[in-house]
Structure formats: C-alpha cells, structure tokens
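Novice: Dropping in start21.cif, which is mmCIF, C-alpha atoms:
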```cif
data_final
#
loop_
_atom_site.group_PDB
_atom_site.id
_atom_site.type_symbol
_atom_site.label_atom_id
_atom_site.label_comp_id
_atom_site.auth_asym_id
_atom_site.auth_seq_id
_atom_site.Cartn_x
_atom_site.Cartn_y
_atom_site.Cartn_z
ATOM 1 C CA MET L 1 -168.650 -6.813 -133.254
ATOM 2 C CA GLY L 2 -165.357 -7.469 -134.984
ATOM 3 C CA VAL L 3 -162.562 -9.264 -133.128
ATOM 4 C CA GLN L 4 -163.481 -12.910 -132.797
ATOM 5 C CA GLN L 5 -163.255 -14.075 -129.197
ATOM 6 C CA GLU L 6 -164.920 -16.723 -127.077
ATOM 7 C CA SER L 7 -168.326 -15.394 -126.188
ATOM 8 C CA PRO L 8 -168.621 -14.001 -122.660
ATOM 9 C CA SER L 9 -172.141 -15.418 -122.729
ATOM 10 C CA VAL L 10 -170.667 -18.716 -121.551
ATOM 11 C CA ALA L 11 -169.862 -17.082 -118.224
ATOM 12 C CA LEU L 12 -172.923 -14.851 -118.149
ATOM 13 C CA SER L 13 -175.499 -17.489 -119.009
ATOM 14 C CA THR L 14 -177.890 -17.984 -116.124
ATOM 15 C CA PRO L 15 -178.696 -21.495 -114.897
ATOM 16 C CA VAL L 16 -182.091 -22.849 -115.861
ATOM 17 C CA ASP L 17 -183.201 -24.740 -112.776
ATOM 18 C CA GLY L 18 -184.594 -28.178 -113.353
ATOM 19 C CA VAL L 19 -184.313 -27.974 -117.139
ATOM 20 C CA GLU L 20 -181.737 -29.854 -119.190
ATOM 21 C CA VAL L 21 -180.838 -27.350 -121.884
ATOM 22 C CA LEU L 22 -180.374 -28.921 -125.325
ATOM 23 C CA GLY L 23 -177.802 -26.371 -126.379
ATOM 24 C CA ALA L 24 -177.284 -22.689 -127.058
ATOM 25 C CA LEU L 25 -177.368 -20.628 -130.224
ATOM 26 C CA SER L 26 -176.452 -17.049 -131.026
ATOM 27 C CA PRO L 27 -177.506 -15.118 -134.149
ATOM 28 C CA SER L 28 -173.954 -15.040 -135.518
ATOM 29 C CA ARG L 29 -173.518 -18.800 -135.232
ATOM 30 C CA ALA L 30 -176.957 -19.444 -136.705
ATOM 31 C CA SER L 31 -176.037 -17.172 -139.634
ATOM 32 C CA ASP L 32 -172.747 -19.040 -140.057
ATOM 33 C CA PHE L 33 -174.552 -22.344 -140.419
ATOM 34 C CA MET L 34 -177.191 -20.982 -142.768
ATOM 35 C CA GLY L 35 -174.475 -19.457 -144.919
ATOM 36 C CA CYS L 36 -172.143 -22.469 -144.941
ATOM 37 C CA PRO L 37 -172.351 -25.503 -142.635
ATOM 38 C CA LEU L 38 -168.641 -26.213 -143.173
ATOM 39 C CA GLN L 39 -167.703 -22.717 -142.035
ATOM 40 C CA TYR L 40 -169.787 -23.277 -138.902
ATOM 41 C CA ARG L 41 -167.887 -26.521 -138.315
ATOM 42 C CA PHE L 42 -164.502 -24.846 -138.768
ATOM 43 C CA ARG L 43 -165.436 -22.138 -136.271
ATOM 44 C CA MET L 44 -167.414 -24.045 -133.648
ATOM 45 C CA ILE L 45 -166.272 -27.675 -133.876
ATOM 46 C CA ASP L 46 -162.662 -27.421 -135.042
ATOM 47 C CA ARG L 47 -162.141 -23.990 -133.444
ATOM 48 C CA LEU L 48 -159.746 -23.009 -136.225
ATOM 49 C CA PRO L 49 -158.077 -19.643 -135.693
ATOM 50 C CA GLU L 50 -158.951 -16.805 -138.055
ATOM 51 C CA PRO L 51 -156.754 -13.779 -138.692
ATOM 52 C CA SER L 52 -158.148 -10.448 -137.568
ATOM 53 C CA SER L 53 -158.944 -8.003 -140.338
ATOM 54 C CA PRO L 54 -158.564 -4.216 -140.179
ATOM 55 C CA ASP L 55 -162.262 -3.854 -141.036
ATOM 56 C CA ALA L 56 -163.382 -6.159 -138.234
ATOM 57 C CA VAL L 57 -161.120 -4.517 -135.668
ATOM 58 C CA ARG L 58 -162.314 -1.087 -136.787
ATOM 59 C CA GLY L 59 -165.827 -2.277 -136.015
ATOM 60 C CA THR L 60 -164.774 -3.321 -132.527
ATOM 61 C CA VAL L 61 -163.130 0.049 -131.803
ATOM 62 C CA VAL L 62 -166.095 2.008 -133.164
ATOM 63 C CA HIS L 63 -168.564 -0.052 -131.129
ATOM 64 C CA LYS L 64 -166.541 0.596 -127.973
ATOM 65 C CA VAL L 65 -166.467 4.344 -128.572
ATOM 66 C CA LEU L 66 -170.214 4.445 -129.215
ATOM 67 C CA GLU L 67 -170.843 2.439 -126.056
ATOM 68 C CA ASP L 68 -168.651 4.698 -123.913
ATOM 69 C CA LEU L 69 -169.918 7.903 -125.524
ATOM 70 C CA PHE L 70 -173.150 7.636 -123.534
ATOM 71 C CA ASP L 71 -171.206 7.616 -120.265
ATOM 72 C CA LEU L 72 -170.469 11.298 -120.934
ATOM 73 C CA PRO L 73 -172.844 14.112 -120.018
ATOM 74 C CA ALA L 74 -175.231 14.725 -122.921
ATOM 75 C CA ALA L 75 -173.645 18.057 -123.885
ATOM 76 C CA ASP L 76 -170.224 16.413 -124.267
ATOM 77 C CA ARG L 77 -171.334 13.784 -126.783
ATOM 78 C CA THR L 78 -169.768 15.532 -129.752
ATOM 79 C CA PRO L 79 -167.824 14.381 -132.822
ATOM 80 C CA GLU L 80 -164.661 15.879 -131.305
ATOM 81 C CA ARG L 81 -165.016 13.912 -128.066
ATOM 82 C CA ALA L 82 -165.745 10.727 -130.003
ATOM 83 C CA ALA L 83 -162.650 11.267 -132.165
ATOM 84 C CA GLY L 84 -160.564 11.696 -129.020
ATOM 85 C CA MET L 85 -161.840 8.382 -127.664
ATOM 86 C CA VAL L 86 -160.554 6.340 -130.624
ATOM 87 C CA GLU L 87 -156.916 5.943 -129.559
ATOM 88 C CA PRO L 88 -157.751 5.012 -125.923
ATOM 89 C CA ALA L 89 -160.260 2.432 -127.188
ATOM 90 C CA TRP L 90 -157.648 0.997 -129.561
ATOM 91 C CA SER L 91 -154.983 0.939 -126.823
ATOM 92 C CA ALA L 92 -157.313 -0.900 -124.446
ATOM 93 C CA LEU L 93 -158.176 -3.451 -127.133
ATOM 94 C CA LEU L 94 -154.493 -3.911 -127.990
ATOM 95 C CA GLU L 95 -153.659 -4.492 -124.331
ATOM 96 C CA GLN L 96 -156.367 -7.157 -124.170
ATOM 97 C CA THR L 97 -155.379 -8.745 -127.513
ATOM 98 C CA PRO L 98 -151.704 -7.916 -128.242
ATOM 99 C CA GLU L 99 -151.606 -10.055 -131.383
ATOM 100 C CA LEU L 100 -153.734 -7.443 -133.166
ATOM 101 C CA ALA L 101 -150.533 -5.446 -133.637
ATOM 102 C CA GLU L 102 -149.506 -8.042 -136.227
ATOM 103 C CA MET L 103 -152.045 -6.540 -138.667
ATOM 104 C CA PHE L 104 -149.919 -3.420 -138.946
ATOM 105 C CA ALA L 105 -146.544 -5.164 -138.873
ATOM 106 C CA ALA L 106 -147.371 -7.533 -141.741
ATOM 107 C CA GLU L 107 -146.171 -6.734 -145.234
ATOM 108 C CA GLY L 108 -148.957 -4.964 -147.100
ATOM 109 C CA GLY L 109 -150.840 -4.279 -143.873
ATOM 110 C CA PRO L 110 -152.444 -0.926 -143.128
ATOM 111 C CA GLU L 111 -150.536 1.990 -141.653
ATOM 112 C CA ILE L 112 -151.725 2.556 -138.095
ATOM 113 C CA THR L 113 -152.188 6.333 -138.273
ATOM 114 C CA ALA L 114 -154.229 6.111 -141.488
ATOM 115 C CA TRP L 115 -156.283 3.259 -140.032
ATOM 116 C CA LEU L 116 -157.108 5.238 -136.889
ATOM 117 C CA THR L 117 -158.236 8.062 -139.172
ATOM 118 C CA THR L 118 -160.704 5.681 -140.850
ATOM 119 C CA CYS L 119 -162.125 4.873 -137.391
ATOM 120 C CA ARG L 120 -162.727 8.580 -136.802
ATOM 121 C CA THR L 121 -164.303 8.949 -140.247
ATOM 122 C CA VAL L 122 -166.799 6.191 -139.457
ATOM 123 C CA LEU L 123 -167.639 7.858 -136.154
ATOM 124 C CA ASP L 124 -168.118 11.233 -137.841
ATOM 125 C CA ARG L 125 -170.706 9.590 -140.060
ATOM 126 C CA TYR L 126 -172.597 8.386 -136.988
ATOM 127 C CA PHE L 127 -173.258 11.987 -135.996
ATOM 128 C CA THR L 128 -174.969 12.622 -139.345
ATOM 129 C CA LEU L 129 -177.504 9.902 -138.484
ATOM 130 C CA GLU L 130 -178.247 10.495 -134.795
ATOM 131 C CA ASP L 131 -177.692 13.207 -132.224
ATOM 132 C CA PRO L 132 -176.480 11.354 -129.110
ATOM 133 C CA ARG L 133 -177.007 14.500 -127.036
ATOM 134 C CA ARG L 134 -180.752 13.845 -127.372
ATOM 135 C CA LEU L 135 -180.619 10.142 -126.529
ATOM 136 C CA GLU L 136 -180.468 8.338 -123.194
ATOM 137 C CA PRO L 137 -180.265 4.601 -123.934
ATOM 138 C CA ALA L 138 -181.807 2.299 -121.382
ATOM 139 C CA GLU L 139 -179.258 -0.445 -122.073
ATOM 140 C CA ARG L 140 -175.938 -0.719 -123.884
ATOM 141 C CA GLU L 141 -174.012 -3.843 -124.860
ATOM 142 C CA LEU L 142 -176.724 -5.865 -123.144
ATOM 143 C CA TYR L 143 -176.455 -9.631 -122.803
ATOM 144 C CA VAL L 144 -179.832 -11.264 -123.440
ATOM 145 C CA GLU L 145 -180.988 -14.867 -123.345
ATOM 146 C CA ALA L 146 -184.198 -16.853 -123.452
ATOM 147 C CA LEU L 147 -185.020 -20.541 -123.157
ATOM 148 C CA LEU L 148 -187.488 -21.812 -125.753
ATOM 149 C CA ASP L 149 -190.081 -24.467 -124.971
ATOM 150 C CA SER L 150 -187.884 -26.885 -126.951
ATOM 151 C CA ARG L 151 -185.137 -26.282 -124.314
ATOM 152 C CA LEU L 152 -182.913 -24.494 -126.815
ATOM 153 C CA LEU L 153 -181.202 -21.483 -125.224
ATOM 154 C CA LEU L 154 -180.970 -18.378 -127.412
ATOM 155 C CA ARG L 155 -178.449 -15.719 -126.449
ATOM 156 C CA GLY L 156 -176.501 -12.754 -127.702
ATOM 157 C CA PHE L 157 -175.446 -9.155 -127.156
ATOM 158 C CA VAL L 158 -177.568 -6.163 -128.153
ATOM 159 C CA ASP L 159 -175.697 -2.924 -128.884
ATOM 160 C CA ARG L 160 -178.392 -0.623 -127.547
ATOM 161 C CA ILE L 161 -181.987 -0.579 -126.304
ATOM 162 C CA ASP L 162 -183.932 2.671 -126.193
ATOM 163 C CA VAL L 163 -187.165 2.980 -124.212
ATOM 164 C CA ALA L 164 -189.754 5.599 -125.220
ATOM 165 C CA PRO L 165 -191.861 7.432 -122.614
ATOM 166 C CA ASP L 166 -194.754 5.072 -123.388
ATOM 167 C CA GLY L 167 -192.520 2.051 -122.720
ATOM 168 C CA ALA L 168 -191.990 1.071 -126.380
ATOM 169 C CA LEU L 169 -188.639 -0.618 -127.027
ATOM 170 C CA ARG L 170 -186.269 0.157 -129.883
ATOM 171 C CA VAL L 171 -183.447 -2.324 -130.501
ATOM 172 C CA VAL L 172 -180.425 -0.710 -132.159
ATOM 173 C CA ASP L 173 -177.404 -2.389 -133.742
ATOM 174 C CA TYR L 174 -174.389 -0.575 -135.186
ATOM 175 C CA LYS L 175 -172.690 -1.841 -138.328
ATOM 176 C CA SER L 176 -169.375 -0.288 -139.323
ATOM 177 C CA GLY L 177 -169.829 -1.477 -142.915
ATOM 178 C CA SER L 178 -172.270 -0.389 -145.613
ATOM 179 C CA SER L 179 -175.928 -1.324 -145.877
ATOM 180 C CA PRO L 180 -176.668 -4.488 -147.873
ATOM 181 C CA SER L 181 -178.494 -4.686 -151.151
ATOM 182 C CA GLU L 182 -182.155 -5.687 -151.045
ATOM 183 C CA MET L 183 -181.080 -9.249 -151.814
ATOM 184 C CA PHE L 184 -179.196 -9.455 -148.505
ATOM 185 C CA GLU L 185 -181.485 -7.358 -146.294
ATOM 186 C CA GLY L 186 -183.206 -10.476 -145.009
ATOM 187 C CA LYS L 187 -179.918 -11.844 -143.663
ATOM 188 C CA ALA L 188 -179.216 -8.559 -141.879
ATOM 189 C CA LEU L 189 -182.689 -8.454 -140.376
ATOM 190 C CA PHE L 190 -182.463 -12.064 -139.164
ATOM 191 C CA GLN L 191 -180.037 -10.994 -136.440
ATOM 192 C CA MET L 192 -182.395 -8.254 -135.295
ATOM 193 C CA LYS L 193 -185.443 -10.520 -135.357
ATOM 194 C CA PHE L 194 -183.426 -13.038 -133.328
ATOM 195 C CA TYR L 195 -182.793 -10.376 -130.678
ATOM 196 C CA ALA L 196 -186.439 -9.307 -130.783
ATOM 197 C CA LEU L 197 -187.493 -12.924 -130.238
ATOM 198 C CA VAL L 198 -185.183 -13.258 -127.225
ATOM 199 C CA ILE L 199 -186.509 -10.006 -125.728
ATOM 200 C CA TRP L 200 -190.104 -11.066 -126.348
ATOM 201 C CA ARG L 201 -189.588 -14.483 -124.773
ATOM 202 C CA SER L 202 -187.658 -13.106 -121.792
ATOM 203 C CA ARG L 203 -189.605 -9.882 -121.122
ATOM 204 C CA GLY L 204 -192.988 -10.569 -122.686
ATOM 205 C CA VAL L 205 -192.723 -7.430 -124.854
ATOM 206 C CA ILE L 206 -192.344 -7.250 -128.629
ATOM 207 C CA PRO L 207 -189.941 -4.425 -129.567
ATOM 208 C CA ALA L 208 -191.687 -1.622 -131.424
ATOM 209 C CA MET L 209 -188.715 -0.988 -133.735
ATOM 210 C CA LEU L 210 -185.589 -2.776 -134.953
ATOM 211 C CA GLN L 211 -182.936 -0.396 -136.232
ATOM 212 C CA LEU L 212 -179.685 -1.184 -138.042
ATOM 213 C CA VAL L 213 -177.314 1.791 -138.240
ATOM 214 C CA TYR L 214 -174.863 1.388 -141.136
ATOM 215 C CA LEU L 215 -171.893 3.658 -140.543
ATOM 216 C CA GLY L 216 -170.071 2.649 -143.716
ATOM 217 C CA ASN L 217 -172.437 4.560 -145.991
ATOM 218 C CA GLY L 218 -174.591 6.458 -143.515
ATOM 219 C CA GLU L 219 -177.895 4.617 -143.888
ATOM 220 C CA ILE L 220 -180.417 3.330 -141.359
ATOM 221 C CA LEU L 221 -182.543 0.226 -141.915
ATOM 222 C CA ARG L 222 -185.685 0.129 -139.777
ATOM 223 C CA TYR L 223 -188.146 -2.703 -139.327
ATOM 224 C CA VAL L 224 -191.318 -3.053 -137.245
ATOM 225 C CA PRO L 225 -191.723 -6.669 -136.085
ATOM 226 C CA ASP L 226 -194.964 -8.333 -135.070
ATOM 227 C CA GLU L 227 -195.883 -11.576 -133.356
ATOM 228 C CA ALA L 228 -196.146 -13.498 -136.636
ATOM 229 C CA ASP L 229 -192.621 -12.364 -137.551
ATOM 230 C CA LEU L 230 -191.185 -13.560 -134.285
ATOM 231 C CA LEU L 231 -193.025 -16.889 -134.344
ATOM 232 C CA ALA L 232 -191.624 -17.467 -137.828
ATOM 233 C CA THR L 233 -188.155 -16.552 -136.562
ATOM 234 C CA GLU L 234 -188.550 -19.007 -133.699
ATOM 235 C CA ARG L 235 -189.449 -21.786 -136.147
ATOM 236 C CA LYS L 236 -186.467 -20.862 -138.312
ATOM 237 C CA VAL L 237 -184.053 -20.858 -135.389
ATOM 238 C CA GLN L 238 -185.382 -24.215 -134.225
ATOM 239 C CA ALA L 239 -184.944 -25.659 -137.729
ATOM 240 C CA VAL L 240 -181.360 -24.357 -137.870
ATOM 241 C CA TRP L 241 -180.596 -25.993 -134.538
ATOM 242 C CA GLU L 242 -182.063 -29.303 -135.666
ATOM 243 C CA ALA L 243 -179.970 -29.124 -138.854
ATOM 244 C CA ILE L 244 -176.844 -28.462 -136.757
ATOM 245 C CA ARG L 245 -177.565 -31.477 -134.565
ATOM 246 C CA LEU L 246 -178.132 -33.640 -137.640
ATOM 247 C CA ALA L 247 -174.797 -32.526 -139.074
ATOM 248 C CA GLN L 248 -173.105 -33.335 -135.767
ATOM 249 C CA GLU L 249 -174.631 -36.802 -135.690
ATOM 250 C CA SER L 250 -173.825 -37.589 -139.328
ATOM 251 C CA GLY L 251 -170.509 -35.739 -139.594
ATOM 252 C CA ASP L 252 -171.774 -34.240 -142.846
ATOM 253 C CA TRP L 253 -170.744 -30.566 -142.868
ATOM 254 C CA ARG L 254 -171.235 -29.516 -146.466
ATOM 255 C CA PRO L 255 -169.671 -26.384 -147.940
ATOM 256 C CA ASN L 256 -171.955 -23.860 -149.559
ATOM 257 C CA ARG L 257 -170.031 -22.050 -152.258
ATOM 258 C CA SER L 258 -171.007 -18.404 -152.712
ATOM 259 C CA ARG L 259 -169.570 -14.930 -153.178
ATOM 260 C CA LEU L 260 -168.870 -14.877 -149.454
ATOM 261 C CA CYS L 261 -166.168 -17.511 -149.978
ATOM 262 C CA SER L 262 -163.825 -14.673 -150.950
ATOM 263 C CA TRP L 263 -163.763 -13.576 -147.306
ATOM 264 C CA CYS L 264 -163.382 -17.058 -145.779
ATOM 265 C CA ALA L 265 -160.117 -17.749 -143.977
ATOM 266 C CA HIS L 266 -160.374 -21.503 -144.577
ATOM 267 C CA GLN L 267 -160.462 -21.911 -148.354
ATOM 268 C CA ALA L 268 -157.321 -24.083 -148.254
ATOM 269 C CA LEU L 269 -159.235 -26.667 -146.181
ATOM 270 C CA CYS L 270 -162.487 -26.496 -148.139
ATOM 271 C CA PRO L 271 -163.424 -29.305 -150.580
ATOM 272 C CA ALA L 272 -165.140 -26.702 -152.797
ATOM 273 C CA PHE L 273 -161.647 -25.328 -153.462
ATOM 274 C CA GLY L 274 -159.787 -28.644 -153.579
ATOM 275 C CA GLY L 275 -158.907 -28.735 -149.877
ATOM 276 C CA THR L 276 -159.376 -31.387 -147.210
ATOM 277 C CA PRO L 277 -160.881 -30.573 -143.807
ATOM 278 C CA PRO L 278 -159.037 -31.811 -140.718
ATOM 279 C CA PRO L 279 -160.347 -34.931 -138.978
ATOM 280 C CA LEU L 280 -163.369 -34.228 -136.809
ATOM 281 C CA PRO L 281 -162.682 -33.982 -133.084
ATOM 282 C CA THR L 282 -163.970 -36.840 -130.967
ATOM 283 C CA PRO L 283 -167.412 -36.238 -129.380
ATOM 284 C CA ASP L 284 -165.803 -35.655 -125.974
ATOM 285 C CA ASP L 285 -163.711 -32.833 -127.432
ATOM 286 C CA GLU L 286 -166.515 -31.023 -129.231
ATOM 287 C CA PRO L 287 -167.723 -27.794 -127.627
ATOM 288 C CA ALA L 288 -171.411 -27.011 -127.300
ATOM 289 C CA ALA L 289 -172.803 -24.963 -130.165
ATOM 290 C CA SER L 290 -173.387 -21.321 -129.414
#
```
Mind turning this structure into structure tokens?

Specialist:
Amino acid sequence: MGVQQESPSVALSTPVDGVEVLGALSPSRASDFMGCPLQYRFRMIDRLPEPSSPDAVRGTVVHKVLEDLFDLPAADRTPERAAGMVEPAWSALLEQTPELAEMFAAEGGPEITAWLTTCRTVLDRYFTLEDPRRLEPAERELYVEALLDSRLLLRGFVDRIDVAPDGALRVVDYKSGSSPSEMFEGKALFQMKFYALVIWRSRGVIPAMLQLVYLGNGEILRYVPDEADLLATERKVQAVWEAIRLAQESGDWRPNRSRLCSWCAHQALCPAFGGTPPPLPTPDDEPAAS
C-alpha cells in the first residue's frame, strides 16, 4: 500500500491448532524474492530500513481515503468529499509515522501543498472509473489467510471485496501508479491470483473477477480466474517458498539485475553494483519469512 511497516498480519494471524506451520508468505514478499532474492534478504532477513518515497506515501493516503469513503452515505461519496478527506488522512498517517515529514524537509524533496494536490488528482481519476455511490463493498482492507496442505501459511490484505446478488465475488485492488505494459501484466496479476487462491482455500469459493484499478492513468485490468489458474498459482507459491528456504539454508541470496534496480534503496550494498552485503544474521536472529 505504500509506507513500509511491519505487517499487522503477525498479530492478526489465527492459530492453527495441532499443525506446525512451516512459515508464512505474502504476495509482496513472494514478488520480492521472484524479482531479486537479494532484495528479499535485505528486506526480510537483514531488515534494512528503506526511505519512504512521495509516490509510495501518496498510495497510502489514497488507499485510506478510498477505504473511508465507503463509510459515508452513498449520496455523499463525491469527488469533493474525497478531496476533503486527503489532509485528514495525511495528518493521521503523519501522527502514526512522524518521520514521513522528512520527505518534505529534505533538499530537493516535494513541496507539501503541491504533493497533496497530486493526491487529490489521483482520487479525481478514481471517479472516472467507478461510481462509489452505486457500490456497497462487502469487505474493505480485509486480512485473509489460508493454510496449504504443505503447512505453508499464505496471508495478505485485500483492498476490497464486492459480492453480487448471486453471491459471486469480485476482488478489487487499487494501484496509485499506472498500468503495466503487457510484459509486466503477469507480475501484477500474480498478486491478485494469490489473493484468489487464499479466498478459495479459506472460503471454498473461486472469485468470479479479479480487478486491478490503476489510478495513475485511469485504466482497469480485469481477469477471470479458474481452478486451473489457482492450482498453478499454488504450485508457484510453493516453489517460491522452497527456493526461499534453500537460500536460507545455503546463505546464497543472489542479486537479479534488472531495470527495477533503479528503484532499489540498497544498490550500495549489492554485488551487482560493486557493493558488499552485511554479514548474515545468526539463525536465532532471523525473522520468519512473510
């Protein structure tokens, strides 16, 4: 969603009686490892801090406004009301994470008034894609989890679930950035298929529609999953977990150089850029993957 924090799923995760869980995995951490095992290590094993970016924090503020918008009576869910909710959402986030103010104090950082205007612009674009006055989501910012037969716990947060009169489920995720090219659509859909798998395994129902709402350029990506899709996703997730465990056992966390390296906060420590990673923590210090 934007600001990187320890997942509340640690506290929310329900106990699985009589079953020794192998570990836990979320779609974001699985994507990290698939993109670059070393980045996964830096985030999950070394727990290296990463600076917040204006784009990521904008995403957090926009998500909060869209979540709270549906607390209003349907007739009040207007662009004007959403715009008025931006500053309170930002103030609440700043109170929770005061260090975010450093983004605007740093030399070359964004100007706060102009940045808040970009948040409102993104929200205005949402109203060109959906009419929230005609929607009544069944769930918002929903924590979901499911235990696979392998004893791997899958978990994450779904932005929104809509339920049709016939009971069909639509899983919706907001993205404050622009839609990806066809080359990267599969990566975007992996997160949604992950959520669909968790819902299927926990509720016994395959979602009828997966919907990614891209607020950066005003596009919607829709996908209809089926059982074969979700079984393939389950195999993929299991393979990712096994690769993570192998890397933990061997200590071999290899970098994967790509265009995404431009956005990595840890280039100075990456061997692909001439850096040296810090020593690995001892096994007793390593947190469980999630």

Novice: Taking the file as shown, find all residues satisfying the PyMOL selection byres ((chain L and resi 245) around 12) and write them as a ChimeraX atom specification.

Specialist: /L:22-25,33,37,41,45,152,238-244,246-253,288-289

Novice: For CA of Gln96 (chain L) and CA of Val158 (chain L), determine how far apart the two atoms are, in Å to one decimal place.

Specialist: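 One can read the CA of Gln96 (chain L) to CA of Val158 (chain L) distance as 21.6 Å.
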
Novice: For region 216-221 of chain L, please output as an MDAnalysis selection string all residues within 9 Å (counting all atoms listed in the file; exclusion window: fewer than 2 positions along the same chain).

Specialist: chainID L and resid 122 125:126 128:129 175:179 185 189 210:214 223

Novice: Using all atoms listed in the file, which residue out of L:Met103, L:Ala92, L:Leu147, L:Val237 lies closest to Val65 (chain L)?

Specialist: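 Closest residue, counting all atoms listed in the file: L:Ala92.
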
Novice: What lies within 12 Å of region 133-140 of chain L using only C-alpha atoms, ignoring chain neighbours under 2 positions off, as a PyMOL selection string?

Specialist: chain L and resi 63-79+127+130-131+142-144+157-165+167-174

Novice: Report the distance between CA of Leu100 (chain L) and CA of Met85 (chain L) in Å, rounded to one decimal place.

Specialist: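 Between CA of Leu100 (chain L) and CA of Met85 (chain L) the gap works out to 18.6 Å.
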
Novice: I'd like to know which of L:Phe190, L:Arg155, L:Glu141, L:Val57 is closest to Pro110 (chain L), using only C-alpha atoms.

Specialist: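 Between L:Phe190, L:Arg155, L:Glu141, L:Val57, the residue approaching Pro110 (chain L) most closely is L:Val57.
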
Novice: Report, in Å with one decimal, the straight-line distance from CA of Val61 (chain L) to CA of Gly84 (chain L).

Specialist: 12.2 Å

Novice: Which residues match the PyMOL selection byres ((chain L and resi 234) around 10) in the file above, as a PyMOL selection string?

Specialist: chain L and resi 148+154+193-194+197-198+228-233+235-240

Novice: Keeping only C-alpha atoms, write the selected residues to a file as a PDB file, keeping the file's coordinate frame.

Specialist:
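To be explicit, this is the file written out as result-v5.pdb:
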```pdb
ATOM      1  CA  LEU L 148    -187.488 -21.812-125.753  1.00  0.00           C
ATOM      2  CA  LEU L 154    -180.970 -18.378-127.412  1.00  0.00           C
ATOM      3  CA  LYS L 193    -185.443 -10.520-135.357  1.00  0.00           C
ATOM      4  CA  PHE L 194    -183.426 -13.038-133.328  1.00  0.00           C
ATOM      5  CA  LEU L 197    -187.493 -12.924-130.238  1.00  0.00           C
ATOM      6  CA  VAL L 198    -185.183 -13.258-127.225  1.00  0.00           C
ATOM      7  CA  ALA L 228    -196.146 -13.498-136.636  1.00  0.00           C
ATOM      8  CA  ASP L 229    -192.621 -12.364-137.551  1.00  0.00           C
ATOM      9  CA  LEU L 230    -191.185 -13.560-134.285  1.00  0.00           C
ATOM     10  CA  LEU L 231    -193.025 -16.889-134.344  1.00  0.00           C
ATOM     11  CA  ALA L 232    -191.624 -17.467-137.828  1.00  0.00           C
ATOM     12  CA  THR L 233    -188.155 -16.552-136.562  1.00  0.00           C
ATOM     13  CA  ARG L 235    -189.449 -21.786-136.147  1.00  0.00           C
ATOM     14  CA  LYS L 236    -186.467 -20.862-138.312  1.00  0.00           C
ATOM     15  CA  VAL L 237    -184.053 -20.858-135.389  1.00  0.00           C
ATOM     16  CA  GLN L 238    -185.382 -24.215-134.225  1.00  0.00           C
ATOM     17  CA  ALA L 239    -184.944 -25.659-137.729  1.00  0.00           C
ATOM     18  CA  VAL L 240    -181.360 -24.357-137.870  1.00  0.00           C
TER      19      VAL L 240
END
```

Novice: Here is a test: counting all atoms listed in the file, which residue of L:Ile199, L:Ala83, L:Ala208, L:Leu93 is nearest to Thr121 (chain L)?

Specialist: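 Distance minimum relative to Thr121 (chain L) lands on L:Ala83.
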
Novice: Here is a test: counting only C-alpha atoms, which residue of L:Phe184, L:Thr97, L:Pro27, L:Leu280 is nearest to Leu260 (chain L)?

Specialist: L:Phe184

Novice: Compile a residue-level contact table for region 21-72 of chain L against region 262-268 of chain L at a cut-off of 10 Å, reporting for every qualifying residue the shortest atom pair and its distance in Å to one decimal, with only C-alpha atoms counted, rows ordered by chain and ascending number, as JSON lines.

Specialist:
```
{"residue": "L:Leu38", "atom": "CA", "partner": "L:His266", "partner_atom": "CA", "distance": 9.6}
{"residue": "L:Gln39", "atom": "CA", "partner": "L:His266", "partner_atom": "CA", "distance": 7.9}
{"residue": "L:Phe42", "atom": "CA", "partner": "L:His266", "partner_atom": "CA", "distance": 7.9}
{"residue": "L:Arg43", "atom": "CA", "partner": "L:His266", "partner_atom": "CA", "distance": 9.7}
{"residue": "L:Leu48", "atom": "CA", "partner": "L:His266", "partner_atom": "CA", "distance": 8.5}
{"residue": "L:Pro49", "atom": "CA", "partner": "L:Ala265", "partner_atom": "CA", "distance": 8.7}
{"residue": "L:Glu50", "atom": "CA", "partner": "L:Ala265", "partner_atom": "CA", "distance": 6.1}
{"residue": "L:Pro51", "atom": "CA", "partner": "L:Ala265", "partner_atom": "CA", "distance": 7.4}
{"residue": "L:Ser52", "atom": "CA", "partner": "L:Ala265", "partner_atom": "CA", "distance": 9.9}
```

Novice: Go through L:Thr113, L:Thr60, L:Gln191, L:Ser53 one by one, measure the shortest atom-to-atom distance of each to Glu99 (chain L) using all atoms listed in the file, and give the residue with the smallest value.

Specialist: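 Once distances to Glu99 (chain L) are computed over all atoms listed in the file, the minimum belongs to L:Ser53.
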
Novice: Tell me which of L:Pro278, L:Ser28, L:Ser258, L:Ala196 sits closest to Tyr40 (chain L), counting only C-alpha atoms.

Specialist: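 The answer is L:Ser28, which sits nearest to Tyr40 (chain L).
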
Novice: Please report, as lines of an AutoDock Vina configuration file, the centre and edge lengths in Å to one decimal of an axis-aligned box covering all listed atoms of region 249-266 of chain L with 4 Å per side.

Specialist:
```
center_x = -167.4
center_y = -25.6
center_z = -144.4
size_x = 22.5
size_y = 32.0
size_z = 25.5
```
